[in-house]
Every structure is written in structure tokens, then in C-alpha cells.
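K.L.:
I have a structure I would like to understand better, so I am pasting it below and will then ask my questions one at a time.
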Amino acid sequence: QVQLVESGGGLVQAGGSLRLSCAASGSIFSLNYMGWHRQAPGKQRELVARIFSGGTTIYADSVKGRFTIYRDSAKNTMYLQMNSLKPEDTAVYYCSLVNLGLPASWGQGTQVTVSS
């Protein structure tokens, strides 16, 4: 069982920055990957960024060059540094963790609102 707790969301003006955190606890395999997803009102949940246990990262085209995903394995914590935020980044952001071979675990979500 894995527990994920997100924090760091809030209200920011366009062009501003926020850093999201996702603290993981429980049974975490050495081979896993974590990710950030977001869901805006009326839209499907989409992948924002993912980081694998070996350090490889992938990003959605819409956030490349603006967002950075990284993790502190010693603290079992993942981060999403979001810069140059745009109103279209407004969404509930969820973190996920996948232990290879098992279904994903999800956090409760944190709201990010970017005003124009």
C-alpha cells in the first residue's frame, strides 16, 4: 500500500511560479515511476510529467521548458517546479506512483489556479 500527499498548490498570476510536492510513504519498490497529472474542469486527466526510478523524465509538450520534475529518493518525495505559468495550466494536479507490476496509486490532488 502506498500513500501520496500533495502540497504546494495555490493561486498565482500568469508568469509566476509554484512548486508542488508529493510525499510518498508505504511500500515503494526500487523499480518504479512517479508522475504528475492534471485535470481541468470539463477535461480528461492528462499526464504532465513523469520520472522513472533511474532518473529519466518525460514531459507533455505543453509544459516542456517551463516545468521541471525531480525527486529526492532519500525523502521519498517528488516535486514539480512550475515556471512561466499560464491560465491554461489551471487544474487540479495529482501525483501518482507506479510500482512495476502493480496498479497506480494516486494522491488526493492540489488545486493550481493561474490568473490572467
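Residues in the C-alpha cells are named by chain (A, B, ... in the order shown) and by number from 1 within that chain; ligands are numbered from 1 in the order shown.
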Name the residues of chain A that come out as strand (DSSP E) in a backbone DSSP run; write them as number ranges by chain.

P.N.:
A: 2-7, 10-13, 18-26, 32-39, 46-52, 57-59, 67-72, 77-82, 91-99, 105-106, 110-115

K.L.:
Tell me which protein, DNA and RNA residues are within 9 Å of Ser96 (chain A), counting only C-alpha atoms, leaving out same-chain ones fewer than 4 positions away, and put them as a PyMOL selection string.

P.N.:
chain A and resi 4+22+33-37+104-107

K.L.:
Which value, in Å to one decimal, gives the distance between CA of Ser115 (chain A) and CA of Leu11 (chain A)?

P.N.:
7.3 Å

K.L.:
Name the closest residue to Ala23 (chain A) among the candidates A:Val112, A:Leu97, A:Ala40, A:Ala60; distances are taken between atoms, counting only C-alpha atoms.

P.N.:
A:Leu97

K.L.:
Just want the 10 Å neighbourhood of Phe67 (chain A), counted on only C-alpha atoms, with same-chain residues fewer than 2 positions away dropped. Output as a PyMOL selection string.

P.N.:
chain A and resi 17-19+48-49+59-60+62-65+69+80-85

K.L.:
Find, counting only C-alpha atoms, the residue in A:Thr77, A:Phe29, A:Ile51, A:Val114 that gets nearest to Ala91 (chain A).

P.N.:
A:Val114
